[in-house]
Amino acid sequence: MQLALDALEAERLHLETGAEIAPPVPHVRDDAPRATRAGAPFWKLVDFHAAVPAEARAGIEAALESAGLLDAWVLPGGQLLDPYTWDTLLTADPTAPARALDAMLRPAVDWQDTAQQPVGAAEVAAILARIGLGEHPEQAHWVSEDGRWRLGPARGAWAKDEARYIGHAAREAARQARLRQIASESQVCRDAIAAAGAALGHLDQREARIRDEWQGRPDDGPLRTAYAEEASALRALENQTERTEMARKALDARSHEAGQQRQRRDELAADLSLPSAEDPLDAVARAVEAYAGGTRELCRGLREQRREQDRLEGLLRELEQAQGAARKAAEDATSAEASARNAETQRDTLRETIGADVAELERRLGEVEQRQTRLKAEFKAIGQERTQLAGEIGGLEHDIANGEQQLVEIGERRSAAIGRLRELADAGLVPMATDDRVTIEADLSWASEPAVLLSRRMEQALAEVDESDAAWQRTQKGLHQHFAVLQGALGRHGHDAHIEQQDDLLLVRIIFQGRHHGPDALAGQLAREIERRRELLTARERELVENYLLDEVASHLQVRLMETERQVRQINEELAERPTSTGMRLRLQWQPLAEGQEAAGLTAPAGLEVTRNRLLRQSMDAWSVDDRRAVGEFIQGRIREARETDSAGALADVLERALDYRHWHRFTVERWQNGRWRPAYGPASGGERALVITLPLFAAAASHYESAQAVAPRMIMLDEVFAGVDDDARAKSMGLLAQFDLDAMMTSEREWGCYPQVPGLAIAQLIRREGIDAVYVSRWRWDGAHRIRESDPQTPMEPSGAETATKGPGTEELF
């Protein structure tokens, strides 16, 4: 309140210094830049002729103020511009008006220094001569004495009691009236400040008394401690009870399971002819265990016996072989003994006959035998060495043969690997797998060395790829899923795809335009086709924007945006007239999305705020070249974004999605509470929350039915309407339904809807009685002032003299 008083005092001092009253500009934002160019406002440069009556003066000034011409900025060259946006407000009209505004207004250029005057009287007179007086269908710019006006395609009307800004005398009278109003409002503020001071003093006294009472309050520590102990004990009891219940359930489950197992045991015992009691079963189990032990011992004995028997058979074979060798040795010994006896006899005979020569021969024979023995030993050693060398040579020959075989196998595997690598290269999989880090030249040689170099380059490029078995299995599992998605997407457009098996690889081939393509080749071909179509669409868009969209679509968007703003203002006016008993009232806000902001999965387009301001602030006839270019670029940008989202869609669908202005805005609901607007989703009572949900839905339904025929029903249905809402708010809400011209069908336990704000209702009251399986319907009619009982329609099941039932428990009403 003190701030308001200070503002009034500042305004009073400003006016008392001789400052003139200036017209307000409510349609311009507070942050818009003020005019800074050379010139003067239009209202300072004109004055009424003395013969113009007061009613005509008020109408002319109201029309100029409503059209935005009153505070327009006049440049030295005679141009008339908006002082906040520099938009041109008045364009040249090829047809001169038959009756111009100069019949009512005259230039009032009175500068102290004529050499420095920003605007001359001739320029002001030229502007007045270009504006018609009275409505003329052929004229683009005119104002009338009753407050109506036209400025290009824009029209409007306004009215005021008297002229306040045109003419020094009018401004002086307005200044004196404002001074008197300021004095009255200042006194009201002073009285309010004094009352607030007294209330603050009373509150200070109450605060001191409350502080004294609070300091003398009893200690609640023991009570809190006892409450905490009780709560802890209750929690412990609940936990113990819960654990006991869980243990009981587990015991029941185990008991049930034990019973089932006993039953199964008895059935098996009966099938096997065994006892079912535990003690006999234990004896049987011990006997079975002993039998199993004996069986294991028997198996071990049988295996030992088998081994000993095999050993005995081997020894018998060795004994037989030894006996044969002994018999042969005995025969050889007998033969040797006979040969020895013969040799001794011969020796003795020769010794007796030959004598000394024999001794010499024996000596020499002994030397020969020694040498023969030595040679035999050497021959044996050489034979052993030869055998060893032959074994080593055989081993080396075997290794050489194995090496040659392995070399042949390695060469075959390398050739097979090079062949598979070449197949992969021919299929175009090498650049795809390596993200184009390894490319295959057309003249690449597939000899061993180039193929090895290529494989090493591929190995380096694929070093970070996971080659584990788990990754391979995961990829194999996901491949068929991806192929199914690809096949479904292609099938919708009349194409087909199939999988070819090459060793352990699955190659996807797509039939497109009668030819087989790999996915990468087809992707490149489609990318080139998309680029070609994008260039074609860009040219068509440019033609559409230049020849059609910029004029027709922009004009349509301008009308729709202004119509929506008008509907929102109308709805807010209706809501403002219906506050609740606590002073809460609601309003709708239709706001453009901030650039980059997302709402309902949609993102605000770039340049929305600037383009929206251009569409709302002035008509297309007054647009400059820069305005037209900016709006055209915005429309092209929206078309480009829609086409990128759905490149396969038809052009008409793309344009429809691109230019849907509803996706550029969002609705929010706010409520007035405690002196400021707050979001409607904040804390509130149950009734207020019900109104926050219901009233905006009424407004949305009314806006939806705006496009319907005049005689079409505007139906809405509500169940348990206005639950928790007080009677005053109910009456205002029902009046809002009537104001929105909605046909409502509602059910409620207690609401009759008979309020003066409601012009008419048809009421069906449903009545039930305990113990009676029937529902009675009584019909009423509200005509805006009285509730009238209607006669019941006659049915074959209903007598003509039915009694009138009274409202009892469980009554419902249907509106």
# chains A, B, ... in the order shown; residues from 1 in each chain; ligands from 1
$ residues_around --residues "region 167-169 of chain A" --least-positions-apart "3" --cutoff "7 Å" --atoms "only C-alpha atoms" --output "compact mmCIF listing (two decimals) with N, CA and C atoms, in the first residue's frame"
# COMPACT_ATOMS: atom_id res chain seq x y z
N VAL A 46 -1.95 17.20 -33.43
CA VAL A 46 -3.27 17.51 -33.99
C VAL A 46 -4.15 18.09 -32.90
N ASP A 47 -5.25 18.74 -33.36
CA ASP A 47 -6.27 19.28 -32.46
C ASP A 47 -7.58 19.33 -33.23
N PHE A 48 -8.67 19.29 -32.51
CA PHE A 48 -9.99 19.34 -33.15
C PHE A 48 -10.29 20.78 -33.60
N GLU A 172 -5.53 19.21 -20.57
CA GLU A 172 -5.50 19.94 -19.30
C GLU A 172 -6.67 19.52 -18.41
N ALA A 173 -7.85 19.34 -19.00
CA ALA A 173 -8.99 18.88 -18.22
C ALA A 173 -8.74 17.48 -17.68
$ atom_distance --atom1 "CA of Thr373 (chain A)" --atom2 "CA of Ala330 (chain A)"
25.5 Å
$ residues_around --residues "Leu90 (chain A)" --least-positions-apart "6" --cutoff "8 Å" --atoms "only C-alpha atoms" --output "PDB file with C-alpha atoms, in the first residue's frame"
ATOM      1  CA  GLN A  79       5.749   8.307 -42.151  1.00  0.00           C
ATOM      2  CA  LEU A  80       3.486   6.924 -39.419  1.00  0.00           C
ATOM      3  CA  LEU A  81       5.185   4.109 -37.424  1.00  0.00           C
ATOM      4  CA  HIS A 141      -7.980   3.507 -43.895  1.00  0.00           C
ATOM      5  CA  LEU A 151      -6.678   0.026 -40.958  1.00  0.00           C
ATOM      6  CA  ALA A 622       1.773  -3.710 -43.566  1.00  0.00           C
TER       7      ALA A 622
END
$ residues_around --residues "Val669 (chain A)" --least-positions-apart "3" --cutoff "8 Å" --atoms "only C-alpha atoms" --output "VMD selection string"
chain A and resid 586 to 589 679 to 680 692 696
$ write_last_selection --atoms "C-alpha atoms" --output "compact mmCIF listing (two decimals), in the first residue's frame"
# COMPACT_ATOMS: atom_id res chain seq x y z
CA LEU A 586 -9.22 -19.33 -12.32
CA ARG A 587 -7.80 -18.32 -15.67
CA LEU A 588 -6.43 -20.06 -18.75
CA GLN A 589 -3.03 -19.21 -20.22
CA PRO A 679 -0.20 -22.75 -10.64
CA ALA A 680 -3.49 -24.56 -10.28
CA VAL A 692 -9.74 -26.56 -10.85
CA PRO A 696 -11.29 -25.74 -17.44
$ closest_residue --among "A:Arg569, A:Arg532, A:Arg671, A:Arg106" --to "Arg585 (chain A)" --atoms "only C-alpha atoms"
A:Arg671
$ select_by_dssp --residues "region 598-774 of chain A" --states "strand (DSSP E)" --output "PyMOL selection string"
chain A and resi 598-599+602-603+665-673+676-679+715-719+743-748+761-768
$ write_last_selection --atoms "N, CA, C and O atoms" --output "short mmCIF file (atom, residue, chain, number, x, y, z; two decimals), in the first residue's frame"
data_model
loop_
_atom_site.label_atom_id
_atom_site.label_comp_id
_atom_site.auth_asym_id
_atom_site.auth_seq_id
_atom_site.Cartn_x
_atom_site.Cartn_y
_atom_site.Cartn_z
N GLU A 598 10.04 -28.76 -24.54
CA GLU A 598 9.26 -29.91 -24.97
C GLU A 598 7.98 -29.97 -24.14
O GLU A 598 7.98 -29.67 -22.96
N ALA A 599 6.88 -30.37 -24.82
CA ALA A 599 5.60 -30.56 -24.15
C ALA A 599 4.84 -31.62 -24.92
O ALA A 599 4.67 -31.51 -26.13
N LEU A 602 6.53 -32.96 -27.99
CA LEU A 602 6.79 -32.06 -29.11
C LEU A 602 7.75 -30.97 -28.65
O LEU A 602 7.71 -30.52 -27.51
N THR A 603 8.58 -30.51 -29.58
CA THR A 603 9.57 -29.48 -29.30
C THR A 603 9.17 -28.20 -30.02
O THR A 603 8.73 -28.23 -31.17
N HIS A 665 1.91 -24.44 -28.99
CA HIS A 665 1.43 -23.77 -27.78
C HIS A 665 1.06 -24.82 -26.74
O HIS A 665 0.97 -26.02 -27.04
N ARG A 666 0.80 -24.35 -25.55
CA ARG A 666 0.30 -25.21 -24.50
C ARG A 666 -0.63 -24.39 -23.61
O ARG A 666 -0.48 -23.16 -23.47
N PHE A 667 -1.63 -25.05 -23.05
CA PHE A 667 -2.56 -24.43 -22.12
C PHE A 667 -2.12 -24.73 -20.67
O PHE A 667 -1.72 -25.86 -20.37
N THR A 668 -2.18 -23.73 -19.83
CA THR A 668 -1.95 -23.91 -18.41
C THR A 668 -3.10 -23.26 -17.64
O THR A 668 -3.73 -22.31 -18.13
N VAL A 669 -3.38 -23.80 -16.48
CA VAL A 669 -4.46 -23.27 -15.62
C VAL A 669 -3.81 -22.64 -14.39
O VAL A 669 -2.96 -23.26 -13.75
N GLU A 670 -4.19 -21.41 -14.10
CA GLU A 670 -3.69 -20.70 -12.93
C GLU A 670 -4.85 -20.26 -12.07
O GLU A 670 -5.99 -20.11 -12.55
N ARG A 671 -4.57 -20.07 -10.79
CA ARG A 671 -5.62 -19.61 -9.86
C ARG A 671 -5.11 -18.40 -9.10
O ARG A 671 -3.93 -18.30 -8.75
N TRP A 672 -6.04 -17.48 -8.83
CA TRP A 672 -5.74 -16.26 -8.08
C TRP A 672 -6.01 -16.53 -6.60
O TRP A 672 -7.12 -16.84 -6.20
N GLN A 673 -4.93 -16.44 -5.81
CA GLN A 673 -5.06 -16.73 -4.39
C GLN A 673 -3.99 -15.95 -3.64
O GLN A 673 -2.83 -15.89 -4.07
N ARG A 676 -1.99 -13.12 -5.74
CA ARG A 676 -1.18 -13.36 -6.92
C ARG A 676 -1.64 -14.65 -7.59
O ARG A 676 -2.32 -15.47 -7.01
N TRP A 677 -1.24 -14.77 -8.86
CA TRP A 677 -1.58 -15.96 -9.64
C TRP A 677 -0.59 -17.07 -9.33
O TRP A 677 0.61 -16.87 -9.34
N ARG A 678 -1.12 -18.26 -9.09
CA ARG A 678 -0.31 -19.43 -8.77
C ARG A 678 -0.69 -20.57 -9.71
O ARG A 678 -1.79 -20.58 -10.28
N PRO A 679 0.19 -21.56 -9.86
CA PRO A 679 -0.20 -22.75 -10.64
C PRO A 679 -1.37 -23.46 -9.98
O PRO A 679 -1.46 -23.55 -8.76
N MET A 715 -23.14 -31.69 -25.94
CA MET A 715 -23.36 -32.58 -24.81
C MET A 715 -22.08 -32.80 -24.00
O MET A 715 -21.01 -33.01 -24.57
N ILE A 716 -22.21 -32.73 -22.68
CA ILE A 716 -21.18 -33.20 -21.75
C ILE A 716 -21.89 -34.00 -20.67
O ILE A 716 -23.06 -33.75 -20.35
N MET A 717 -21.19 -35.00 -20.09
CA MET A 717 -21.76 -35.85 -19.05
C MET A 717 -20.83 -35.85 -17.85
O MET A 717 -19.62 -36.03 -18.01
N LEU A 718 -21.41 -35.66 -16.65
CA LEU A 718 -20.64 -35.56 -15.42
C LEU A 718 -21.28 -36.45 -14.37
O LEU A 718 -22.51 -36.46 -14.21
N ASP A 719 -20.45 -37.20 -13.64
CA ASP A 719 -20.92 -38.07 -12.57
C ASP A 719 -20.51 -37.48 -11.22
O ASP A 719 -19.36 -37.04 -11.06
N ASP A 743 -24.95 -28.48 -23.19
CA ASP A 743 -26.05 -29.36 -22.80
C ASP A 743 -25.47 -30.43 -21.87
O ASP A 743 -24.80 -31.36 -22.32
N ALA A 744 -25.75 -30.29 -20.57
CA ALA A 744 -25.10 -31.13 -19.57
C ALA A 744 -26.04 -32.22 -19.10
O ALA A 744 -27.23 -31.97 -18.84
N MET A 745 -25.52 -33.44 -19.00
CA MET A 745 -26.23 -34.54 -18.36
C MET A 745 -25.39 -34.95 -17.14
O MET A 745 -24.25 -35.39 -17.30
N MET A 746 -25.96 -34.77 -15.93
CA MET A 746 -25.18 -34.92 -14.71
C MET A 746 -25.93 -35.81 -13.72
O MET A 746 -27.16 -35.89 -13.75
N THR A 747 -25.15 -36.47 -12.85
CA THR A 747 -25.71 -37.22 -11.74
C THR A 747 -25.12 -36.68 -10.45
O THR A 747 -23.98 -36.25 -10.40
N SER A 748 -25.93 -36.68 -9.38
CA SER A 748 -25.47 -36.19 -8.08
C SER A 748 -26.36 -36.77 -7.01
O SER A 748 -27.53 -37.11 -7.25
N LEU A 761 -33.87 -26.73 -16.61
CA LEU A 761 -33.35 -28.06 -16.36
C LEU A 761 -34.50 -29.06 -16.43
O LEU A 761 -35.64 -28.73 -16.06
N ALA A 762 -34.19 -30.27 -16.87
CA ALA A 762 -35.10 -31.40 -16.75
C ALA A 762 -34.49 -32.33 -15.72
O ALA A 762 -33.36 -32.78 -15.87
N ILE A 763 -35.25 -32.62 -14.63
CA ILE A 763 -34.71 -33.34 -13.47
C ILE A 763 -35.45 -34.66 -13.33
O ILE A 763 -36.68 -34.69 -13.40
N ALA A 764 -34.68 -35.74 -13.15
CA ALA A 764 -35.25 -37.05 -12.83
C ALA A 764 -34.68 -37.48 -11.49
O ALA A 764 -33.47 -37.71 -11.39
N GLN A 765 -35.54 -37.59 -10.48
CA GLN A 765 -35.10 -37.96 -9.14
C GLN A 765 -35.35 -39.46 -8.93
O GLN A 765 -36.47 -39.94 -9.07
N LEU A 766 -34.28 -40.19 -8.62
CA LEU A 766 -34.37 -41.64 -8.43
C LEU A 766 -34.44 -41.92 -6.94
O LEU A 766 -33.59 -41.48 -6.17
N ILE A 767 -35.44 -42.71 -6.53
CA ILE A 767 -35.68 -42.98 -5.10
C ILE A 767 -35.71 -44.49 -4.90
O ILE A 767 -36.37 -45.22 -5.64
N ARG A 768 -34.96 -44.94 -3.89
CA ARG A 768 -34.93 -46.36 -3.53
C ARG A 768 -35.43 -46.53 -2.09
O ARG A 768 -35.23 -45.66 -1.25
#
$ closest_residue --among "A:Leu133, A:Ala122, A:Ala40, A:Leu272" --to "Leu64 (chain A)" --atoms "only C-alpha atoms"
A:Leu133
$ select_by_dssp --residues "region 410-599 of chain A" --states "alpha helix (DSSP H)" --output "JSON, numbers by chain"
{"A": [410, 411, 412, 413, 414, 415, 416, 417, 418, 419, 420, 421, 422, 423, 424, 425, 426, 429, 430, 431, 432, 433, 448, 449, 450, 451, 452, 453, 454, 455, 456, 457, 458, 459, 460, 461, 469, 470, 471, 472, 473, 474, 475, 476, 477, 478, 479, 480, 481, 482, 483, 484, 485, 486, 487, 488, 489, 490, 491, 519, 520, 521, 522, 523, 524, 525, 526, 527, 528, 529, 530, 531, 532, 533, 534, 535, 536, 537, 538, 539, 540, 541, 542, 543, 544, 554, 555, 556, 557, 558, 559, 560, 561, 562, 563, 564, 565, 566, 567, 568, 569, 570, 571, 572, 573, 574, 575, 576]}
$ decode --residues "region 734-753 of chain A" --atoms "N, CA and C atoms" --output "compact mmCIF listing (two decimals), in the first residue's frame"
# COMPACT_ATOMS: atom_id res chain seq x y z
N MET A 734 -22.79 -23.72 -12.41
CA MET A 734 -23.93 -24.04 -13.25
C MET A 734 -24.24 -22.89 -14.21
N GLY A 735 -24.08 -21.65 -13.72
CA GLY A 735 -24.25 -20.51 -14.62
C GLY A 735 -23.23 -20.49 -15.72
N LEU A 736 -22.01 -20.95 -15.42
CA LEU A 736 -20.98 -21.02 -16.46
C LEU A 736 -21.36 -22.02 -17.54
N LEU A 737 -21.99 -23.12 -17.18
CA LEU A 737 -22.48 -24.07 -18.18
C LEU A 737 -23.48 -23.41 -19.12
N ALA A 738 -24.39 -22.62 -18.51
CA ALA A 738 -25.37 -21.92 -19.34
C ALA A 738 -24.70 -20.87 -20.22
N GLN A 739 -23.71 -20.16 -19.67
CA GLN A 739 -23.02 -19.14 -20.46
C GLN A 739 -22.28 -19.76 -21.63
N PHE A 740 -21.69 -20.94 -21.42
CA PHE A 740 -20.99 -21.63 -22.50
C PHE A 740 -21.94 -22.38 -23.44
N ASP A 741 -23.23 -22.36 -23.16
CA ASP A 741 -24.25 -23.00 -24.00
C ASP A 741 -23.97 -24.49 -24.15
N LEU A 742 -23.70 -25.15 -23.01
CA LEU A 742 -23.43 -26.58 -23.01
C LEU A 742 -24.67 -27.35 -22.55
N ASP A 743 -24.95 -28.48 -23.19
CA ASP A 743 -26.05 -29.36 -22.80
C ASP A 743 -25.47 -30.43 -21.87
N ALA A 744 -25.75 -30.29 -20.57
CA ALA A 744 -25.10 -31.13 -19.57
C ALA A 744 -26.04 -32.22 -19.10
N MET A 745 -25.52 -33.44 -19.00
CA MET A 745 -26.23 -34.54 -18.36
C MET A 745 -25.39 -34.95 -17.14
N MET A 746 -25.96 -34.77 -15.93
CA MET A 746 -25.18 -34.92 -14.71
C MET A 746 -25.93 -35.81 -13.72
N THR A 747 -25.15 -36.47 -12.85
CA THR A 747 -25.71 -37.22 -11.74
C THR A 747 -25.12 -36.68 -10.45
N SER A 748 -25.93 -36.68 -9.38
CA SER A 748 -25.47 -36.19 -8.08
C SER A 748 -26.36 -36.77 -7.01
N GLU A 749 -25.81 -36.86 -5.81
CA GLU A 749 -26.59 -37.38 -4.68
C GLU A 749 -27.46 -36.30 -4.07
N ARG A 750 -27.04 -35.01 -4.15
CA ARG A 750 -27.78 -33.95 -3.48
C ARG A 750 -28.03 -32.72 -4.35
N GLU A 751 -27.42 -32.62 -5.52
CA GLU A 751 -27.53 -31.41 -6.34
C GLU A 751 -28.79 -31.45 -7.19
N TRP A 752 -29.65 -30.39 -7.03
CA TRP A 752 -30.84 -30.23 -7.88
C TRP A 752 -30.57 -29.30 -9.05
N GLY A 753 -29.64 -28.34 -8.90
CA GLY A 753 -29.31 -27.43 -10.00
C GLY A 753 -30.30 -26.31 -10.19
